[in-house]
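Listing of final.csv; format and content: CSV, C-alpha atoms and all ligand atoms.
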```csv
chain,number,residue,atom,x,y,z
A,1,MET,CA,186.4,-63.0,98.6
A,2,ASN,CA,183.6,-64.7,100.4
A,3,TRP,CA,183.3,-64.6,104.2
A,4,VAL,CA,182.0,-67.9,105.6
A,5,GLY,CA,180.5,-68.5,109.0
A,6,GLU,CA,179.9,-71.6,111.0
A,7,GLY,CA,178.0,-71.9,114.2
A,8,HIS,CA,177.3,-74.2,117.1
A,9,THR,CA,174.8,-74.0,120.0
A,10,ASP,CA,174.4,-76.1,123.1
A,11,LYS,CA,172.1,-75.9,126.1
A,12,GLY,CA,175.0,-76.3,128.5
A,13,LEU,CA,175.1,-78.5,131.6
A,14,VAL,CA,172.6,-76.8,133.9
A,15,ARG,CA,169.7,-75.4,131.9
A,16,GLN,CA,166.7,-77.5,130.9
A,17,SER,CA,166.3,-75.9,127.4
A,18,ASN,CA,168.2,-74.0,124.9
A,19,GLN,CA,166.9,-70.4,124.6
A,20,ASP,CA,169.7,-69.3,122.3
A,21,ALA,CA,169.2,-69.2,118.5
A,22,PHE,CA,171.5,-68.3,115.6
A,23,SER,CA,171.4,-68.0,111.8
A,24,LEU,CA,174.1,-68.2,109.1
A,25,ASN,CA,173.6,-66.5,105.8
A,26,ASN,CA,176.8,-67.0,104.0
A,27,ALA,CA,175.3,-66.3,100.6
A,28,LEU,CA,174.3,-62.7,101.6
A,29,SER,CA,177.1,-62.3,104.1
A,30,PHE,CA,175.2,-61.8,107.4
A,31,TRP,CA,175.0,-63.7,110.6
A,32,ILE,CA,172.8,-63.5,113.7
A,33,VAL,CA,173.0,-64.6,117.3
A,34,ALA,CA,170.2,-64.2,119.9
A,35,ASP,CA,169.7,-65.1,123.5
A,36,GLY,CA,166.1,-65.3,124.6
A,37,MET,CA,164.6,-64.7,128.1
A,38,GLY,CA,161.2,-65.1,129.7
A,39,GLY,CA,159.4,-67.8,131.7
A,40,HIS,CA,157.6,-70.9,130.3
A,41,ALA,CA,159.0,-71.4,126.8
A,42,GLY,CA,159.1,-67.6,126.3
A,43,GLY,CA,162.8,-67.3,125.8
A,44,ASP,CA,162.9,-70.0,123.2
A,45,ILE,CA,160.1,-68.4,121.2
A,46,ALA,CA,161.5,-64.9,121.6
A,47,SER,CA,165.0,-65.7,120.3
A,48,ARG,CA,163.6,-67.8,117.4
A,49,LEU,CA,161.1,-65.1,116.4
A,50,ALA,CA,163.9,-62.5,116.5
A,51,VAL,CA,166.3,-64.5,114.4
A,52,GLU,CA,163.6,-65.5,111.8
A,53,ARG,CA,162.2,-62.1,111.5
A,54,ILE,CA,165.6,-60.4,111.2
A,55,GLU,CA,166.8,-62.9,108.6
A,56,SER,CA,163.7,-62.6,106.5
A,57,TYR,CA,163.7,-58.8,106.7
A,58,ILE,CA,167.3,-58.5,105.7
A,59,THR,CA,167.1,-61.1,103.0
A,60,SER,CA,164.0,-59.7,101.3
A,61,HIS,CA,165.5,-56.2,101.3
A,62,LEU,CA,168.9,-57.2,100.0
A,63,LEU,CA,167.4,-59.3,97.2
A,64,SER,CA,164.8,-56.7,96.2
A,65,SER,CA,167.0,-53.7,96.4
A,66,SER,CA,168.1,-52.3,93.1
A,67,SER,CA,171.5,-51.5,94.6
A,68,PRO,CA,172.0,-54.1,97.3
A,69,LYS,CA,175.6,-53.2,98.0
A,70,GLU,CA,174.9,-49.6,98.7
A,71,GLU,CA,176.9,-49.2,102.0
A,72,PRO,CA,175.0,-46.3,103.7
A,73,SER,CA,171.8,-48.2,103.7
A,74,ILE,CA,173.2,-51.2,105.6
A,75,PRO,CA,173.2,-49.8,109.2
A,76,SER,CA,169.6,-48.6,108.8
A,77,LEU,CA,168.6,-52.0,107.2
A,78,LEU,CA,170.0,-53.8,110.2
A,79,SER,CA,168.3,-51.4,112.6
A,80,ASN,CA,165.0,-51.7,110.8
A,81,ALA,CA,165.3,-55.5,110.8
A,82,ILE,CA,165.7,-55.5,114.6
A,83,SER,CA,162.8,-53.1,115.0
A,84,SER,CA,160.7,-55.4,112.9
A,85,ALA,CA,161.6,-58.3,115.2
A,86,ASN,CA,160.7,-56.1,118.2
A,87,HIS,CA,157.3,-55.6,116.7
A,88,ALA,CA,156.9,-59.3,116.0
A,89,ILE,CA,157.6,-60.3,119.6
A,90,GLN,CA,155.3,-57.6,120.9
A,91,GLU,CA,152.5,-58.8,118.6
A,92,TYR,CA,153.1,-62.4,119.8
A,93,VAL,CA,152.8,-61.4,123.4
A,94,LYS,CA,149.5,-59.5,122.7
A,95,GLN,CA,148.1,-62.8,121.2
A,96,HIS,CA,149.6,-64.9,124.0
A,97,PRO,CA,149.5,-62.9,127.3
A,98,ASP,CA,151.1,-65.8,129.2
A,99,TYR,CA,154.4,-64.8,127.5
A,100,HIS,CA,154.4,-61.3,128.8
A,101,GLY,CA,157.9,-60.2,129.6
A,102,MET,CA,159.7,-62.3,127.0
A,103,GLY,CA,162.4,-60.8,125.0
A,104,SER,CA,165.8,-61.5,123.4
A,105,THR,CA,169.2,-60.1,122.9
A,106,VAL,CA,170.5,-59.9,119.4
A,107,VAL,CA,173.7,-59.3,117.6
A,108,VAL,CA,173.8,-59.0,113.8
A,109,LEU,CA,176.9,-58.8,111.6
A,110,TYR,CA,177.0,-57.9,108.0
A,111,ILE,CA,180.2,-57.8,105.9
A,112,SER,CA,180.0,-55.9,102.7
A,113,PRO,CA,181.0,-57.9,99.6
A,114,SER,CA,182.4,-54.8,98.0
A,115,PRO,CA,185.1,-52.4,99.3
A,116,PRO,CA,185.8,-50.9,101.8
A,117,LEU,CA,186.2,-54.1,103.8
A,118,GLN,CA,184.2,-53.5,106.9
A,119,ALA,CA,181.9,-55.1,109.4
A,120,CYS,CA,178.5,-53.5,110.1
A,121,LEU,CA,177.2,-54.6,113.5
A,122,ALA,CA,173.8,-54.0,115.2
A,123,HIS,CA,173.1,-55.2,118.7
A,124,VAL,CA,170.8,-55.1,121.6
A,125,GLY,CA,171.6,-56.6,125.0
A,126,ASP,CA,174.7,-58.6,126.0
A,127,SER,CA,175.3,-61.0,123.1
A,128,ARG,CA,178.7,-59.9,121.8
A,129,ALA,CA,180.8,-59.5,118.7
A,130,TYR,CA,184.6,-59.8,118.8
A,131,VAL,CA,187.4,-59.5,116.2
A,132,PHE,CA,190.4,-61.8,116.5
A,133,ARG,CA,193.4,-60.3,114.7
A,134,ASP,CA,197.1,-61.0,114.9
A,135,GLY,CA,196.6,-63.3,118.0
A,136,SER,CA,194.5,-60.9,120.0
A,137,LEU,CA,190.8,-60.6,120.7
A,138,ARG,CA,189.0,-57.3,120.8
A,139,GLN,CA,185.4,-56.8,121.8
A,140,LEU,CA,183.4,-54.8,119.3
A,141,THR,CA,180.1,-54.4,121.1
A,142,ARG,CA,179.4,-53.1,124.6
A,143,ASP,CA,176.9,-54.9,126.7
A,144,HIS,CA,173.6,-53.1,127.4
A,145,SER,CA,173.7,-54.4,130.9
A,146,TRP,CA,173.3,-52.9,134.4
A,147,VAL,CA,176.9,-53.7,135.3
A,148,GLU,CA,178.4,-52.3,132.0
A,149,THR,CA,176.6,-49.0,132.8
A,150,ARG,CA,178.2,-49.0,136.3
A,151,ILE,CA,181.6,-49.7,134.8
A,152,ARG,CA,181.3,-46.8,132.4
A,153,ASP,CA,180.2,-44.5,135.2
A,154,GLY,CA,183.2,-45.6,137.2
A,155,GLN,CA,181.1,-47.1,140.0
A,156,LEU,CA,182.3,-50.6,139.5
A,157,THR,CA,185.5,-52.1,138.1
A,158,PRO,CA,185.5,-55.0,135.7
A,159,ALA,CA,186.9,-57.2,138.5
A,160,GLU,CA,184.0,-56.3,140.9
A,161,VAL,CA,181.4,-57.4,138.3
A,162,LYS,CA,182.2,-61.1,138.4
A,163,GLY,CA,179.5,-62.8,140.5
A,164,HIS,CA,177.7,-59.5,141.1
A,165,PRO,CA,174.0,-60.1,141.9
A,166,MET,CA,173.1,-57.7,139.0
A,167,GLU,CA,175.6,-59.3,136.6
A,168,HIS,CA,173.0,-60.6,134.2
A,169,VAL,CA,170.4,-57.8,134.3
A,170,LEU,CA,169.9,-56.2,130.9
A,171,MET,CA,169.1,-52.6,130.3
A,172,LYS,CA,167.2,-53.4,127.1
A,173,ALA,CA,166.1,-56.4,125.0
A,174,VAL,CA,164.3,-56.9,121.7
A,175,GLY,CA,160.5,-57.3,122.3
A,176,SER,CA,160.3,-56.1,125.9
A,177,GLU,CA,159.2,-52.5,125.0
A,178,PRO,CA,157.0,-51.1,122.2
A,179,THR,CA,160.2,-49.7,120.5
A,180,VAL,CA,163.8,-50.7,120.7
A,181,GLU,CA,167.0,-48.6,120.5
A,182,VAL,CA,169.6,-50.5,118.4
A,183,GLU,CA,173.3,-49.8,118.8
A,184,LEU,CA,175.1,-49.6,115.4
A,185,THR,CA,178.9,-50.0,114.9
A,186,THR,CA,181.0,-50.1,111.8
A,187,VAL,CA,184.5,-51.5,112.0
A,188,PRO,CA,187.2,-51.7,109.4
A,189,LEU,CA,188.3,-55.3,108.7
A,190,GLN,CA,191.5,-57.0,107.5
A,191,SER,CA,191.4,-60.0,105.3
A,192,ARG,CA,192.7,-62.5,107.8
A,193,ASP,CA,190.4,-61.4,110.7
A,194,HIS,CA,188.2,-63.8,112.4
A,195,LEU,CA,184.8,-62.5,113.7
A,196,LEU,CA,183.1,-64.1,116.7
A,197,LEU,CA,179.5,-63.7,117.7
A,198,CYS,CA,178.5,-65.3,120.9
A,199,THR,CA,176.0,-65.4,123.8
A,200,ASP,CA,177.0,-64.7,127.4
A,201,GLY,CA,177.0,-68.5,128.1
A,202,LEU,CA,180.5,-68.5,126.4
A,203,THR,CA,182.0,-65.3,127.9
A,204,LYS,CA,180.8,-66.1,131.5
A,205,MET,CA,182.6,-69.4,131.4
A,206,ILE,CA,185.8,-68.8,129.5
A,207,THR,CA,188.2,-65.8,129.3
A,208,ASP,CA,189.4,-63.8,126.4
A,209,GLN,CA,192.7,-65.6,126.6
A,210,ASP,CA,190.9,-69.0,126.4
A,211,ILE,CA,189.1,-67.8,123.3
A,212,SER,CA,192.2,-66.4,121.7
A,213,GLY,CA,194.1,-69.6,122.3
A,214,LEU,CA,191.4,-71.8,120.7
A,215,LEU,CA,191.0,-69.5,117.7
A,216,SER,CA,194.7,-69.3,117.1
A,217,ARG,CA,195.0,-73.1,117.2
A,218,SER,CA,192.0,-73.7,115.0
A,219,THR,CA,192.9,-74.2,111.4
A,220,SER,CA,190.3,-76.2,109.5
A,221,PRO,CA,187.5,-77.2,109.4
A,222,LEU,CA,186.0,-74.0,110.7
A,223,ASP,CA,183.3,-75.9,112.5
A,224,GLY,CA,186.0,-77.3,114.8
A,225,ALA,CA,186.6,-73.9,116.4
A,226,CYS,CA,182.9,-73.5,117.3
A,227,GLN,CA,182.7,-77.0,118.8
A,228,GLN,CA,185.9,-76.4,120.8
A,229,LEU,CA,184.7,-73.1,122.2
A,230,VAL,CA,181.4,-74.6,123.3
A,231,HIS,CA,183.2,-77.7,124.7
A,232,SER,CA,185.5,-75.4,126.6
A,233,ALA,CA,182.6,-73.5,128.2
A,234,ASN,CA,181.0,-76.8,129.2
A,235,GLN,CA,184.2,-78.0,130.8
A,236,ARG,CA,184.1,-74.8,133.0
A,237,GLY,CA,180.6,-75.6,134.2
A,238,GLY,CA,178.3,-74.8,131.3
A,239,GLN,CA,176.0,-72.8,133.5
A,240,ASP,CA,174.1,-71.2,130.6
A,241,ASN,CA,173.2,-72.0,127.0
A,242,ILE,CA,176.2,-71.4,124.8
A,243,THR,CA,176.1,-70.2,121.2
A,244,VAL,CA,179.1,-69.4,119.0
A,245,VAL,CA,179.4,-68.2,115.4
A,246,VAL,CA,182.9,-67.8,113.8
A,247,ILE,CA,183.3,-66.0,110.5
A,248,ARG,CA,186.4,-65.7,108.3
A,249,GLN,CA,187.3,-65.4,104.7
A,250,ALA,CA,186.9,-68.6,102.6
A,251,GLN,CA,190.6,-68.4,101.5
A,252,SER,CA,191.8,-68.8,105.1
A,253,LEU,CA,189.8,-72.0,105.6
A,301,CA,CA,172.4,-66.5,128.2
```
Turn the structure described in the file into structure tokens.
Ligand code: CA
Amino acid sequence: MNWVGEGHTDKGLVRQSNQDAFSLNNALSFWIVADGMGGHAGGDIASRLAVERIESYITSHLLSSSSPKEEPSIPSLLSNAISSANHAIQEYVKQHPDYHGMGSTVVVLYISPSPPLQACLAHVGDSRAYVFRDGSLRQLTRDHSWVETRIRDGQLTPAEVKGHPMEHVLMKAVGSEPTVEVELTTVPLQSRDHLLLCTDGLTKMITDQDISGLLSRSTSPLDGACQQLVHSANQRGGQDNITVVVIRQAQSL
């Protein structure tokens, strides 16, 4: 059964430009969300470069491979695609020194068309993946952020992080260093799961309970869920760019 994703992005109510980017590849069953950073137009360029490079890398390898559904190769394919984007951004900055310091988060989801039913995730930064199952939402990625590191060390509690001056400082990003370390996660799926990819412009504005409520109420069309999530984040202030991709099996549309 095919998995189908829909996405929506919005610059929010405060920012002058939208530095988020996303890509839907329903035919090959992978989806990408990126959140760029950097002065001038650097963030726009970085996230777009990251998405374009990752999409073309994965597409060309899946289509050229003699055994495209070979599971063990998928995590390394996703990781190599992100490394390729890292290189592309580094090369761009070499050519355009004004853009020094630009980079992007990225989260990539691939769902195998053949058993076992599972999600392969690759991410860098604080754009997230969630699974919504049986009415509850579970975060599948951990942020590569300063505050997340302190929470894991026990130096801060999740409650203390809200509004912390270091709340949005990332520990790594695609394109900001000569090489990038990608975190890979594989998660078993169930046929009625909904997957959510999003930038922090969503999760800073609305709670897990808000997201669960919207996803459980959404039936069809799928696009309605993405629009409603973005609308909800804007209703709470829309302080950052907001990007949402929701993926579920075609039969549950
Ligand atoms: Ca953001």
Cut-off 7 Å, only C-alpha atoms and all ligand atoms, neighbours of ligand CA 301 (chain A) as a count of residues only: 6
message: My list of candidates is A:Gly36, A:Gly12, A:Pro75, A:Gly125. Which is closest to Gln235 (chain A) when distances are computed with all atoms listed in the file?
response: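 Once distances to Gln235 (chain A) are computed over all atoms listed in the file, the minimum belongs to A:Gly12.
The shortest atom-to-atom distance to Lys162 (chain A), with all atoms listed in the file taken into account, belongs to A:Lys204 out of A:Lys204, A:His123, A:His231, A:His87.
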statement: With distances taken over only C-alpha atoms, the candidate from A:Val107, A:Met102, A:Val169, A:Val131 nearest Val147 (chain A) is A:Val169
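Taking only C-alpha atoms into account, Leu137 (chain A) lies nearest to A:Leu214 out of the set A:Val33, A:Leu214, A:Leu170, A:Leu62.
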statement: CA of Gln90 (chain A) sits from CA of Gly175 (chain A) at a separation of 5.4 Å
Tell me, as a PDB file with C-alpha atoms, keeping the file's coordinate frame, which residues lie within 8 Å of Ile206 (chain A), counting only C-alpha atoms; anything in the same chain fewer than 2 positions away does not count.
```pdb
ATOM      1  CA  LEU A 202     180.500 -68.500 126.400  1.00  0.00           C
ATOM      2  CA  THR A 203     182.000 -65.300 127.900  1.00  0.00           C
ATOM      3  CA  LYS A 204     180.800 -66.100 131.500  1.00  0.00           C
ATOM      4  CA  ASP A 208     189.400 -63.800 126.400  1.00  0.00           C
ATOM      5  CA  ASP A 210     190.900 -69.000 126.400  1.00  0.00           C
ATOM      6  CA  ILE A 211     189.100 -67.800 123.300  1.00  0.00           C
ATOM      7  CA  SER A 232     185.500 -75.400 126.600  1.00  0.00           C
ATOM      8  CA  ALA A 233     182.600 -73.500 128.200  1.00  0.00           C
ATOM      9  CA  ARG A 236     184.100 -74.800 133.000  1.00  0.00           C
TER      10      ARG A 236
END
```
Would you fill out region 181-192 of chain A with all heavy atoms and return it as a CSV table (one decimal), keeping the file's coordinate frame?
```csv
chain,number,residue,atom,x,y,z
A,181,GLU,N,165.8,-49.4,121.0
A,181,GLU,CA,167.0,-48.6,120.5
A,181,GLU,C,168.1,-49.6,120.2
A,181,GLU,O,168.6,-50.3,121.0
A,181,GLU,CB,167.4,-47.6,121.6
A,181,GLU,CG,168.4,-46.6,121.1
A,181,GLU,CD,169.0,-45.8,122.3
A,181,GLU,OE1,168.4,-45.9,123.4
A,181,GLU,OE2,170.0,-45.2,122.1
A,182,VAL,N,168.6,-49.5,118.9
A,182,VAL,CA,169.6,-50.5,118.4
A,182,VAL,C,170.9,-49.7,118.4
A,182,VAL,O,171.0,-48.6,118.0
A,182,VAL,CB,169.3,-51.0,117.0
A,182,VAL,CG1,170.3,-51.9,116.5
A,182,VAL,CG2,167.9,-51.7,117.0
A,183,GLU,N,172.0,-50.4,118.9
A,183,GLU,CA,173.3,-49.8,118.8
A,183,GLU,C,174.0,-50.3,117.5
A,183,GLU,O,174.1,-51.5,117.2
A,183,GLU,CB,174.2,-50.1,120.0
A,183,GLU,CG,175.5,-49.4,119.9
A,183,GLU,CD,176.3,-49.4,121.2
A,183,GLU,OE1,175.7,-49.7,122.3
A,183,GLU,OE2,177.5,-49.0,121.2
A,184,LEU,N,174.5,-49.3,116.7
A,184,LEU,CA,175.1,-49.6,115.4
A,184,LEU,C,176.6,-49.3,115.5
A,184,LEU,O,177.0,-48.3,116.0
A,184,LEU,CB,174.5,-48.8,114.3
A,184,LEU,CG,173.0,-49.1,114.1
A,184,LEU,CD1,172.3,-48.0,113.2
A,184,LEU,CD2,172.7,-50.5,113.5
A,185,THR,N,177.4,-50.2,114.9
A,185,THR,CA,178.9,-50.0,114.9
A,185,THR,C,179.4,-50.4,113.6
A,185,THR,O,179.0,-51.5,113.0
A,185,THR,CB,179.5,-51.0,116.0
A,185,THR,OG1,178.7,-50.9,117.2
A,185,THR,CG2,180.9,-50.6,116.3
A,186,THR,N,180.3,-49.7,113.0
A,186,THR,CA,181.0,-50.1,111.8
A,186,THR,C,182.5,-50.1,112.1
A,186,THR,O,183.1,-49.2,112.7
A,186,THR,CB,180.7,-49.0,110.7
A,186,THR,OG1,179.3,-49.0,110.5
A,186,THR,CG2,181.4,-49.5,109.4
A,187,VAL,N,183.1,-51.3,111.7
A,187,VAL,CA,184.5,-51.5,112.0
A,187,VAL,C,185.3,-51.9,110.8
A,187,VAL,O,184.9,-52.9,110.1
A,187,VAL,CB,184.6,-52.7,113.1
A,187,VAL,CG1,186.0,-52.9,113.5
A,187,VAL,CG2,183.7,-52.5,114.2
A,188,PRO,N,186.4,-51.3,110.5
A,188,PRO,CA,187.2,-51.7,109.4
A,188,PRO,C,187.8,-53.1,109.6
A,188,PRO,O,188.1,-53.4,110.8
A,188,PRO,CB,188.4,-50.7,109.3
A,188,PRO,CG,188.0,-49.6,110.2
A,188,PRO,CD,187.0,-50.1,111.2
A,189,LEU,N,187.8,-53.9,108.6
A,189,LEU,CA,188.3,-55.3,108.7
A,189,LEU,C,189.6,-55.5,107.9
A,189,LEU,O,189.9,-54.7,107.0
A,189,LEU,CB,187.3,-56.3,108.3
A,189,LEU,CG,186.0,-56.5,109.0
A,189,LEU,CD1,185.1,-57.5,108.4
A,189,LEU,CD2,186.3,-56.8,110.5
A,190,GLN,N,190.4,-56.5,108.3
A,190,GLN,CA,191.5,-57.0,107.5
A,190,GLN,C,191.2,-58.4,107.0
A,190,GLN,O,190.4,-59.1,107.7
A,190,GLN,CB,192.8,-57.0,108.4
A,190,GLN,CG,193.1,-55.5,108.8
A,190,GLN,CD,194.4,-55.5,109.7
A,190,GLN,OE1,195.0,-56.5,109.9
A,190,GLN,NE2,194.6,-54.3,110.2
A,191,SER,N,191.8,-58.8,106.0
A,191,SER,CA,191.4,-60.0,105.3
A,191,SER,C,191.6,-61.3,106.1
A,191,SER,O,190.9,-62.2,105.9
A,191,SER,CB,192.1,-60.2,103.9
A,191,SER,OG,193.5,-60.2,104.2
A,192,ARG,N,192.5,-61.2,107.1
A,192,ARG,CA,192.7,-62.5,107.8
A,192,ARG,C,192.0,-62.4,109.2
A,192,ARG,O,192.2,-63.3,110.0
A,192,ARG,CB,194.2,-62.7,108.0
A,192,ARG,CG,194.9,-62.9,106.7
A,192,ARG,CD,196.3,-63.5,106.8
A,192,ARG,NE,196.4,-64.8,107.5
A,192,ARG,CZ,196.1,-65.9,106.9
A,192,ARG,NH1,195.8,-65.9,105.6
A,192,ARG,NH2,196.2,-67.1,107.5
```
